[in-house]
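Shown next, in structure tokens, is the structure this report addresses.
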2 protein chains.
Amino acid sequence: MGGSDVMTSRLVALRSAISASNIAGWYIGREDLYQGEEVPAGDERLAYISGFTGSAGFGVVMADHAALFSDGRYTLQMVTQTDHANWVSHTLPDASFEAWLGGLDLPAGWVLGIDSRLVTLDGYRKIEAAVTDADGILVGFDHNLIDSVWPDRPVLPPAQPWPMPDAITGRSLTEKLASLDDYLATQNCDAILITRVDAVNWLINQRGHDLEFTPVTLCFAFYGRGTGLCLLGDVPRLTPLQTAGFTIKPLDDLAVLLVALGDGQLMFEPSSLPYCLFRVIEAASARQVEKSCQVTVMKAQKTAAELCGFHAAHQRDGVAMVEFLCWLDRHHKAGISECAIGEKLLAFRQQQDGFVAPSFATIAGSGPNGAIVHYRAIAGKDRMLQDDDVLLLDSGAHYRDGTTDITRTIAIGSPPEAAAFAYSHVLKAHINLATALFPAGTTGQQLDVLARAPLWAAQMDFAHGTGHGVGHVLSVHEGPAGISKRGMVPLQAGMILSNEPGFYQTGAWGIRLENLVAVTPVVAGSDAMTQDSAFFCFETITLCPFDRRLILPDLLNARERQWVNDYHQKVYDRLSASCSATAKTWLRAATEPI
Amino acid sequence: MGGSDVMTSRLVALRSAISASNIAGWYIGREDLYQGEEVPAGDERLAYISGFTGSAGFGVVMADHAALFSDGRYTLQMVTQTDHANWVSHTLPDASFEAWLGGLDLPAGWVLGIDSRLVTLDGYRKIEAAVTDADGILVGFDHNLIDSVWPDRPVLPPAQPWPMPDAITGRSLTEKLASLDDYLATQNCDAILITRVDAVNWLINQRGHDLEFTPVTLCFAFYGRGTGLCLLGDVPRLTPLQTAGFTIKPLDDLAVLLVALGDGQLMFEPSSLPYCLFRVIEAASARQVEKSCQVTVMKAQKTAAELCGFHAAHQRDGVAMVEFLCWLDRHHKAGISECAIGEKLLAFRQQQDGFVAPSFATIAGSGPNGAIVHYRAIAGKDRMLQDDDVLLLDSGAHYRDGTTDITRTIAIGSPPEAAAFAYSHVLKAHINLATALFPAGTTGQQLDVLARAPLWAAQMDFAHGTGHGVGHVLSVHEGPAGISKRGMVPLQAGMILSNEPGFYQTGAWGIRLENLVAVTPVVAGSDAMTQDSAFFCFETITLCPFDRRLILPDLLNARERQWVNDYHQKVYDRLSASCSATAKTWLRAATEPI
């Protein structure tokens with residue numbers, strides 16, 4: 001991020017801007033206007049001012065204080081990336097913004113400024129409550145003090161949108177709008193403001209290249225039951241979009257759309273609505289309905305065409321994985337860095353038809369780095385593979401027809417027996433979830449335990465969720481469902497989720513085994529004792545062998561061994577014809593029965 | 001409950017009292033002052049006025065309306081027990097009190113009366129919100145209009161308290177008060193009002209005979225950090241208590257105790273505090289702290305002595321069960337009614353040392369009655385055992401040293417194969433939970449799925465919770481922990497819970513298999529991969545064979561068969577020496593390996 005002097009001068013400039021604005025401090029979130037997991041370079045304001053590049057957190061700068069807040073994943077990173085002479089780091093939830101403010105002994109009526117474009121309505125309410133508790137006033141600005149002191153702030157290049165044919169999406173824009181219209185009718189709403197970028201891109205059946213790992217064009221949308229769909233955003237940037245079925249207007253035109261709505265009912269989502277837009281809504285006469293984004297709910301249940309695309313994409317991705325794993329087995333003795341692993345794997349994926357982009361930054365964690373759950377190798381600072389290492393490799397890609405996310409853990413030479421013991425238990429956990437049947441209405445919170453109980457049996461556990469929703473050529477992490485302690489949404493047919501239990505031996509190695517699964521209705525069979533309620537199962541769609549060298553067959557029961565052998569046979573049958581001769585031979589051996 | 005004429009005249013009398021009080025209607029809950037699951041006969045006001053004897057529900061009587069509300073378990077019973085000319089029954093949550101009130105078109109300012117002694121603070125707030133929404137006013141009375149029209153209302157006999165020696169409780173009153181005092185210090189509280197009867201009886205190490213199935217003396221308690229413990233209740237009734245360590249005062253003296261407390265902090269529990277006492281608190285100057293009952297939390301973690309007593313009680317209870325099951329096998333062809341089954345089983349229990357009382361009303365559901373989850377046989381209206389029946393038998397007892405709650409499902413002759421299929425799956429579910437290991441912090445909500453997944457695998461499920469806490473010679477259902485979708489409390493060492501999955505084939509038979517289990521720390525073994533966090537397991541404490549005739553061994557895996565055989569061997573080893581010769585022979589055969 002630049003040297004200490006550079007960072008200090010940035011902070012000095014910001015403090016001047018704060019002082020010139022007659023406020024006591026400035027709040028810097030990590031979010032951009034679109035609140036996605038990924039933000040463009042020009043929106044990395046927290047990193048610009050503090051040096052901290054974590055994926056979550058916020059900072060507050062005042063005349064005598066500069067404080068950084070993030071969670072336990074980033075405790076160390078906050079300290080290593082910031083200048084301690086300027087910044088004090090705090091780990092949430094042990095520390096809290098409220099308690100920190102309370103300890104500052106601020107004069108009544110002090111003002112904290114925030115960019116009202118970069119905070120959601122929910123976020124604003126929470127920050128405001130904390131500031132009010134500390135006798136202060138939160139003031140939403142329509143400009144950003146960081147931007148005023150960031151001379152060469154990167155600008156987004158023109159949008160490069162591309163269409164998703166109806167054959168791949170399975171639903172036309174017209175059909176999607178008809179469903180949305182029906183839903184709004186049931187809710188007595190006249191319009192909806194859609195403030196989730198992936199939901200808008202899904203709705204219009206187009207994708208883009210605005211972000212590195214999320215193939216979207218950044219924009220919001222307004223749909224009025226009488227007036228149709230209107231995209232809201234940077235109009236010059238959005239001009240390349242194919243506009244059949246909607247119009248494009250600047251974000252400022254929301255006010256005009258709301259005039260047309262009159263006192264109609266407007267639905268919006270407080271957890272994604274930028275506060276600046278809430279102000280526009282407040283100024284209008286529309287009646288407000290706060291609700292989770294219905295388009296997010298709609299897109300979570302994949303169409304038959306999307307599911308078909310997921311399968312096809314996973315077949316090609318599986319071939320790339322097999323080619324890579326074969327290559328790795330043959331070359332790892334030569335000395336390979338973690339970054340080189342990511343690059344080689346990407347090269348194999350790029351050879352596959354329809355490859356678009358990686359779906360997230362590859363995690364290649366060798367040896368002790370595998371035990372760092374959110375590890376990201378940095379070129380030059382990464383580790384070289386060593387003999388008898390365990391390699392944790394979590395990666396994925398977007399193809400034109402589907403998205404992948406796969407983790408395999410690989411033996412380099414002869415890892416310790418303890419790693420095979422853990423691998424076998426993680427595999428049992430993975431299988432226990434993969435083979436579950438469950439009734440309609442079951443939540444991810446309930447299913448989470450199925451991927452833990454086999455680990456608990458050996459007094460093991462993992463400190464992350466078991467599975468997340470996966471978008472169709474959209475965000476690799478999508479709502480509303482998930483398999484974790486927080487997964488309160490019932491699973492529905494057509495949802496794609498990850499199944500990724502793990503175990504991490506700090507300082508030694510990490511194990512994680514991840515396949516994607518599709519929620520699939522079960523046709524009542526002869527064993528079914530109830531006919532009155534539907535049951536679901538998971539169909540595993542990822543195709544790639546598990547490392548037999550790390551499986552201790554005696555730790556698996558007959559049913560689990562059968563599952564592994566059946567899965568490996570399927571992997572061979574589906575991939576071998578598309579593999580190179582060398583990889584095919586490798587795959588034959590890698591999928592031998594255990 | 002009496003004929004239609006009698007019931008009508010009761011309603012007429014109540015309406016006169018309502019009219020004389022210048023109010024529009026009267027609210028009749030099912031609760032008494034002490035809010036326990038069981039109420040004395042003189043508190044069965046809802047049954048007196050409506051005829052409905054269900055364990056949950058409420059009624060509202062107005063000039064032109066008499067409405068009864070209960071949940072889906074009682075939809076049919078509400079209709080069969082009430083006079084339709086007078087009463088309209090509503091099933092919650094499909095119907096709601098709020099919606100019903102809204103539909104009455106009442107004049108603004110109408111008044112609903114309620115006995116402020118028989119409703120908790122939480123309950124009052126909820127009812128008041130509904131009445132306010134319907135433009136009405138809820139008025140808490142200090143007398144009861146039903147009592148004024150109930151001439152021979154039963155009166156509680158004098159209390160018959162009995163002591164629990166420290167050797168059985170494992171903690172003296174002094175030690176318990178010291179713990180409570182420490183807790184109050186951490187919460188900056190000066191006093192606590194304890195409004196749970198079982199918590200008070202546990203605290204003073206005494207029990208009583210005020211209720212049929214819950215061995216308590218009805219009273220509340222006040223503990224002041226400076227002033228010590230004071231029981232609050234009906235002083236003449238409470239006089240037989242051994243009063244070493246506390247004083248006894250009338251409930252009205254709460255006001256005096258609060259004067260002494262001044263503006264100190266008083267902790268109380270809104271979900272059990274009678275509204276009449278909240279009024280007393282409101283009138284005093286104490287600062288209020290609303291919190292769940294800490295004594296309930298303390299008593300849930302059984303002492304080593306209590307656990308020892310549980311084991312001893314289960315050994316004797318197991319002998320009674322075995323004697324009964326042996327007798328049933330030899331006599332069922334003679335024609336036995338469901339009520340006779342309950343009586344015979346009770347007779348065997350009464351022969352055991354230290355027997356106090358049944359811990360709840362026995363559920364003996366034969367054939368289709370077994371599929372009615374809350375079935376209760378009524379003498380004269382019950383069913384005779386038939387050849388090839390399935391009998392579901394859920395029963396339990398209090399002994400001087402512990403409490404039992406056991407469900408066995410028994411083959412009478414040769415039940416259908418489908419019942420054995422279901423039985424085997426319920427057994428798999430039972431075993432899956434019984435053998436679980438889980439880390440500290442795990443809630444019953446998480447574990448609930450372990451007793452469902454093996455049933456889900458055959459597309460089966462059950463519509464009740466999996467397990468409840470069990471008191472030590474107190475309520476057979478106690479908080480705060482439970483194994484169900486609502487079980488948000490982490491399980492702690494020493495908690496006793498039931499493990500009772502089931503499956504119910506409506507109109508045919510019901511299966512439930514229930515043992516009690518104790519949450520027990522696991523000593524990290526050679527398989528343990530983590531040393532930094534504690535794990536728990538369940539120790540099964542119930543001793544009684546499962547019916548081998550209903551187990552299809554092929555449906556059990558090797559681990560499950562081994563569990564059954566090991567359990568049966570333990571049952572034989574622990575019980576056989578105390579059985580009659582006939583029962584010992586029966587037990588030998590009933591515990592043969594499968």
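We name chains A, B, ... following the order of the structure tokens; residues begin at 1 in each chain, and ligands are numbered from 1 as shown.
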
Query raised in the report: Running DSSP on the backbone, which parts of stretch 145-340 of chain B land in strand (DSSP E), as a ChimeraX atom specification?
Result: /B:162-163,191-194,206-207,220-224,228-233,246-250,265-268,287-290

Query - At most 10 Å to chain B: residues in chain A, only C-alpha atoms, as a VMD selection string - result: chain A and resid 418 421 to 422 432 to 433 435 to 439 442 445 to 450 452 to 461 485 503 to 505 522 524 to 531 533 to 537 557 to 559

Requested in this report: Name the residues of stretch 16-88 of chain B that come out as alpha helix (DSSP H) in a backbone DSSP run; write them as a PyMOL selection string.
Outcome: chain B and resi 16-20+45-50+75-81

Output the selection as a CSV table (one decimal), in the first residue's frame - all heavy atoms for each residue.
```csv
chain,number,residue,atom,x,y,z
B,16,SER,N,-73.6,-13.0,34.2
B,16,SER,CA,-74.2,-12.1,35.2
B,16,SER,C,-73.1,-11.4,36.0
B,16,SER,O,-73.2,-10.2,36.2
B,16,SER,CB,-75.1,-12.9,36.2
B,16,SER,OG,-76.2,-13.5,35.6
B,17,ALA,N,-72.1,-12.2,36.4
B,17,ALA,CA,-71.0,-11.6,37.1
B,17,ALA,C,-70.2,-10.5,36.2
B,17,ALA,O,-69.8,-9.5,36.7
B,17,ALA,CB,-70.0,-12.7,37.6
B,18,ILE,N,-70.1,-10.9,34.9
B,18,ILE,CA,-69.4,-9.9,34.0
B,18,ILE,C,-70.2,-8.6,33.9
B,18,ILE,O,-69.7,-7.5,34.0
B,18,ILE,CB,-69.3,-10.6,32.6
B,18,ILE,CG1,-68.2,-11.7,32.7
B,18,ILE,CG2,-68.9,-9.6,31.6
B,18,ILE,CD1,-68.2,-12.6,31.4
B,19,SER,N,-71.5,-8.8,33.8
B,19,SER,CA,-72.4,-7.6,33.6
B,19,SER,C,-72.4,-6.8,34.9
B,19,SER,O,-72.3,-5.6,34.9
B,19,SER,CB,-73.8,-8.2,33.3
B,19,SER,OG,-74.7,-7.1,33.3
B,20,ALA,N,-72.4,-7.5,36.1
B,20,ALA,CA,-72.4,-6.8,37.4
B,20,ALA,C,-71.1,-6.0,37.5
B,20,ALA,O,-71.0,-5.1,38.3
B,20,ALA,CB,-72.6,-7.8,38.5
B,45,ARG,N,-60.3,-23.8,36.1
B,45,ARG,CA,-61.4,-22.9,35.8
B,45,ARG,C,-61.9,-23.0,34.4
B,45,ARG,O,-63.1,-22.9,34.1
B,45,ARG,CB,-61.0,-21.5,36.1
B,45,ARG,CG,-60.8,-21.2,37.6
B,45,ARG,CD,-60.3,-19.8,37.9
B,45,ARG,NE,-60.0,-19.6,39.3
B,45,ARG,CZ,-58.9,-20.0,39.9
B,45,ARG,NH1,-57.9,-20.4,39.2
B,45,ARG,NH2,-58.7,-19.8,41.2
B,46,LEU,N,-60.9,-23.2,33.5
B,46,LEU,CA,-61.3,-23.3,32.1
B,46,LEU,C,-62.2,-24.5,31.8
B,46,LEU,O,-63.2,-24.5,31.1
B,46,LEU,CB,-60.1,-23.3,31.2
B,46,LEU,CG,-60.3,-23.3,29.7
B,46,LEU,CD1,-61.1,-22.0,29.2
B,46,LEU,CD2,-59.0,-23.4,28.9
B,47,ALA,N,-61.8,-25.6,32.5
B,47,ALA,CA,-62.6,-26.9,32.4
B,47,ALA,C,-64.0,-26.7,33.0
B,47,ALA,O,-65.0,-27.1,32.5
B,47,ALA,CB,-61.9,-28.0,33.0
B,48,TYR,N,-64.0,-26.0,34.2
B,48,TYR,CA,-65.3,-25.8,34.9
B,48,TYR,C,-66.3,-25.0,34.0
B,48,TYR,O,-67.4,-25.4,33.9
B,48,TYR,CB,-65.0,-25.0,36.2
B,48,TYR,CG,-66.3,-24.7,37.0
B,48,TYR,CD1,-66.9,-25.7,37.8
B,48,TYR,CD2,-66.9,-23.5,36.9
B,48,TYR,CE1,-68.1,-25.5,38.4
B,48,TYR,CE2,-68.1,-23.2,37.6
B,48,TYR,CZ,-68.6,-24.2,38.3
B,48,TYR,OH,-69.8,-24.0,39.0
B,49,ILE,N,-65.8,-24.0,33.4
B,49,ILE,CA,-66.7,-23.1,32.6
B,49,ILE,C,-67.0,-23.6,31.2
B,49,ILE,O,-68.1,-23.4,30.7
B,49,ILE,CB,-66.2,-21.6,32.6
B,49,ILE,CG1,-67.3,-20.7,32.3
B,49,ILE,CG2,-65.1,-21.5,31.6
B,49,ILE,CD1,-68.4,-20.5,33.4
B,50,SER,N,-66.0,-24.3,30.6
B,50,SER,CA,-66.2,-24.7,29.2
B,50,SER,C,-66.4,-26.2,29.0
B,50,SER,O,-66.9,-26.7,28.0
B,50,SER,CB,-65.0,-24.2,28.4
B,50,SER,OG,-63.9,-25.0,28.6
B,75,THR,N,-57.8,-29.8,18.6
B,75,THR,CA,-58.8,-29.3,17.7
B,75,THR,C,-60.1,-30.2,17.9
B,75,THR,O,-61.2,-29.6,18.1
B,75,THR,CB,-58.4,-29.4,16.3
B,75,THR,OG1,-57.2,-28.6,16.1
B,75,THR,CG2,-59.5,-29.0,15.3
B,76,LEU,N,-59.9,-31.5,17.9
B,76,LEU,CA,-61.1,-32.4,18.1
B,76,LEU,C,-61.6,-32.3,19.5
B,76,LEU,O,-62.8,-32.2,19.7
B,76,LEU,CB,-60.6,-33.8,17.7
B,76,LEU,CG,-61.8,-34.8,17.6
B,76,LEU,CD1,-62.7,-34.4,16.4
B,76,LEU,CD2,-61.2,-36.2,17.3
B,77,GLN,N,-60.7,-32.3,20.5
B,77,GLN,CA,-61.1,-32.4,21.9
B,77,GLN,C,-61.9,-31.2,22.3
B,77,GLN,O,-62.9,-31.3,23.0
B,77,GLN,CB,-59.9,-32.6,22.7
B,77,GLN,CG,-60.2,-32.8,24.2
B,77,GLN,CD,-58.9,-33.1,25.0
B,77,GLN,OE1,-58.0,-33.7,24.5
B,77,GLN,NE2,-59.0,-32.8,26.3
B,78,MET,N,-61.5,-30.0,21.7
B,78,MET,CA,-62.3,-28.8,22.0
B,78,MET,C,-63.8,-28.9,21.6
B,78,MET,O,-64.7,-28.6,22.3
B,78,MET,CB,-61.7,-27.6,21.3
B,78,MET,CG,-60.4,-27.0,22.0
B,78,MET,SD,-60.0,-25.4,21.3
B,78,MET,CE,-59.3,-25.8,19.7
B,79,VAL,N,-63.9,-29.5,20.4
B,79,VAL,CA,-65.3,-29.7,19.9
B,79,VAL,C,-66.1,-30.7,20.7
B,79,VAL,O,-67.2,-30.5,21.0
B,79,VAL,CB,-65.2,-30.1,18.4
B,79,VAL,CG1,-66.6,-30.4,17.8
B,79,VAL,CG2,-64.6,-28.9,17.6
B,80,THR,N,-65.4,-31.9,21.0
B,80,THR,CA,-66.2,-32.9,21.6
B,80,THR,C,-66.5,-32.6,23.1
B,80,THR,O,-67.5,-33.1,23.6
B,80,THR,CB,-65.4,-34.3,21.6
B,80,THR,OG1,-64.1,-34.1,22.2
B,80,THR,CG2,-65.2,-34.8,20.2
B,81,GLN,N,-65.7,-31.8,23.7
B,81,GLN,CA,-65.9,-31.5,25.2
B,81,GLN,C,-66.8,-30.3,25.4
B,81,GLN,O,-67.2,-30.1,26.6
B,81,GLN,CB,-64.6,-31.3,25.9
B,81,GLN,CG,-63.8,-32.6,26.0
B,81,GLN,CD,-62.5,-32.5,26.9
B,81,GLN,OE1,-61.9,-31.5,26.9
B,81,GLN,NE2,-62.3,-33.5,27.7
```

Requested in this report: Give me the residues within 10 Å of A:Val60 as a PyMOL selection string, counting only C-alpha atoms and dropping any in the same chain fewer than 6 places off.
Outcome: chain A and resi 25-29+46+66-69+87+97+112-114

Query raised in the report: Which residues, written as number ranges by chain, have at least one atom at most 8 Å from A:Ile192, with only C-alpha atoms counted and residues fewer than 3 positions away on the same chain left out?
Result: A: 184, 189, 222-224, 266-268

Query - Closest of A:Ala134, A:Thr540, A:Lys126, A:Arg548 to A:Lys570 - atom-to-atom distances counting only C-alpha atoms - result: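 Comparing A:Ala134, A:Thr540, A:Lys126, A:Arg548 against A:Lys570, the winner is A:Thr540.
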
Query raised in the report: Which polymer residues have any atom within 8 Å of an atom of stretch 465-468 of chain B, counting only C-alpha atoms, with same-chain residues fewer than 3 positions away left out, as a count of residues only?
Result: 15
